[in-house]
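Colleague: Before I ask anything, let me first share the structure, which is written out below as structure tokens.
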Amino acid sequence: MKHLCMIFLAGLTIFFVGCSSRPAEPSSSVSPSLSSTMQTSSVGEETCYLVKTEEDLRAIGSVYPLSGHYRLENDISLTQEWTPIGSPSHPFTGSFDGNGYTISHLTVTKEAEHMGFFGASDGANIQNILLSDVALPETVFFPIVSESVDSDIVNCSISYAS
């Protein structure tokens, strides 16, 4: 009987320890430094992230997946030096549609091996990107994607800062 009471008390302890008067905090994949989450739209079974701000753009690859599908929804003027999306060891593998909007003031002054809007892509679909007032070192030959493997890059243009 004493053994049964001990088992019963152990069971109650486990039950009540697992319960809390306060609900669990919701988990979030968004960094606390971001003021809001990126909006999404569904196209068939695909989720498309709607890029509306510089903050959204900079979150690709750090907060949001390199394999995601992204569509620019506004002109964006960059206010800080750009860190390319993706790298040879972690390339961008999703899709990015500039949607006819312009990303201006793309600046990279730090010498790095893979410089451009995208550092590297593999199997990606990149289209309709308009970069204006770009400031990159003269050694950068491919400012849209520095290193690309099996990717489609269509209807993209660049104008350099004077």
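Going through the structure tokens in order, the chains are called A, B, and so on, while each chain numbers its residues from 1 and the ligands are numbered from 1 in the order shown.
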Got a sec: who's within 9 Å of Gln39 in chain A, counting only C-alpha atoms, leaving out chain neighbours fewer than 5 positions off, as a VMD selection string?
Modeller: chain A and resid 48 to 52
Colleague: Would you mind exporting the chosen residues as a short mmCIF file (atom, residue, chain, number, x, y, z; two decimals), in the first residue's frame, restricted to N, CA and C atoms?
Modeller:
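What ended up in selection.cif:
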data_model
loop_
_atom_site.label_atom_id
_atom_site.label_comp_id
_atom_site.auth_asym_id
_atom_site.auth_seq_id
_atom_site.Cartn_x
_atom_site.Cartn_y
_atom_site.Cartn_z
N CYS A 48 4.66 33.05 -50.59
CA CYS A 48 5.54 34.10 -51.12
C CYS A 48 5.66 35.19 -50.06
N TYR A 49 6.90 35.52 -49.69
CA TYR A 49 7.16 36.59 -48.73
C TYR A 49 7.13 37.93 -49.48
N LEU A 50 6.39 38.90 -48.95
CA LEU A 50 6.24 40.21 -49.57
C LEU A 50 7.25 41.17 -48.94
N VAL A 51 8.25 41.56 -49.71
CA VAL A 51 9.34 42.40 -49.22
C VAL A 51 8.93 43.86 -49.42
N LYS A 52 8.73 44.56 -48.30
CA LYS A 52 8.25 45.95 -48.37
C LYS A 52 9.23 46.97 -47.82
#
Colleague: So that I can check the surroundings of Ile144 in chain A, please list as a PyMOL selection string every protein, DNA and RNA residue that reaches within 7 Å of it, counting only C-alpha atoms and ignoring chain neighbours fewer than 3 positions away.
Modeller: chain A and resi 116-118
Colleague: Of the candidates A:Ile153, A:Met38, A:Ile60, A:Leu66, which one gets nearest to Asn128 in chain A if we count only C-alpha atoms?
Modeller: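 Distance minimum relative to Asn128 in chain A lands on A:Ile153.
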Colleague: Calculate how many Å separate CA of Ala124 in chain A from CA of Phe92 in chain A, rounding to one decimal.
Modeller: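 Separating CA of Ala124 in chain A from CA of Phe92 in chain A is a distance of 6.5 Å.
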Colleague: Give me the residues near Ser87 in chain A as number ranges by chain, where near means some atom within 9 Å (using only C-alpha atoms) and where sequence neighbours in that chain fewer than 6 positions away do not count.
Modeller: A: 114, 118-121, 147
Colleague: To one decimal place in Å, what is the distance between CA of Asp97 in chain A and CA of Ile85 in chain A?
Modeller: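 According to the coordinates, CA of Asp97 in chain A and CA of Ile85 in chain A are separated by 14.1 Å.
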Colleague: Would you work out the distance separating CA of Val108 in chain A from CA of Tyr160 in chain A, expressed in Å to one decimal?
Modeller: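 Distance between the two atoms: 12.3 Å.
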Colleague: Between A:Pro88, A:Glu81, A:Asp133, A:Asp122, which one has atoms that come closest to Thr102 in chain A, using only C-alpha atoms?
Modeller: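 Closest to Thr102 in chain A of all the choices is A:Asp133.
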Colleague: Output as JSON lines one row per residue of range 90-154 of chain A within 7 Å of range 69-72 of chain A: the closest atom pair and its distance in Å to one decimal place, counting only C-alpha atoms, sorted by chain and residue number ascending.
Modeller:
{"residue": "A:Gly94", "atom": "CA", "partner": "A:His69", "partner_atom": "CA", "distance": 5.4}
{"residue": "A:Ser95", "atom": "CA", "partner": "A:His69", "partner_atom": "CA", "distance": 4.7}
{"residue": "A:Phe96", "atom": "CA", "partner": "A:Tyr70", "partner_atom": "CA", "distance": 4.7}
{"residue": "A:Asp97", "atom": "CA", "partner": "A:Arg71", "partner_atom": "CA", "distance": 4.7}
{"residue": "A:Gly98", "atom": "CA", "partner": "A:Leu72", "partner_atom": "CA", "distance": 4.9}
{"residue": "A:Asn99", "atom": "CA", "partner": "A:Leu72", "partner_atom": "CA", "distance": 5.8}
{"residue": "A:Tyr101", "atom": "CA", "partner": "A:Leu72", "partner_atom": "CA", "distance": 6.7}
Colleague: Can I get the selection written as a PDB file, in the first residue's frame, with C-alpha atoms?
Modeller:
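part33.pdb was written with the following content:
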ATOM      1  CA  GLY A  94      14.610  30.208 -53.752  1.00  0.00           C
ATOM      2  CA  SER A  95      13.043  32.796 -56.025  1.00  0.00           C
ATOM      3  CA  PHE A  96      13.173  36.580 -55.946  1.00  0.00           C
ATOM      4  CA  ASP A  97      10.926  38.758 -58.124  1.00  0.00           C
ATOM      5  CA  GLY A  98      11.799  42.454 -58.104  1.00  0.00           C
ATOM      6  CA  ASN A  99       8.308  43.034 -59.505  1.00  0.00           C
ATOM      7  CA  TYR A 101      10.448  48.024 -58.192  1.00  0.00           C
TER       8      TYR A 101
END
Colleague: My list of candidates is A:Ser146, A:Thr37, A:Thr109, A:Asn125. Which is closest to Gly86 in chain A when distances are computed with only C-alpha atoms?
Modeller: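 Checking each candidate against Gly86 in chain A, we get A:Ser146 as the closest.
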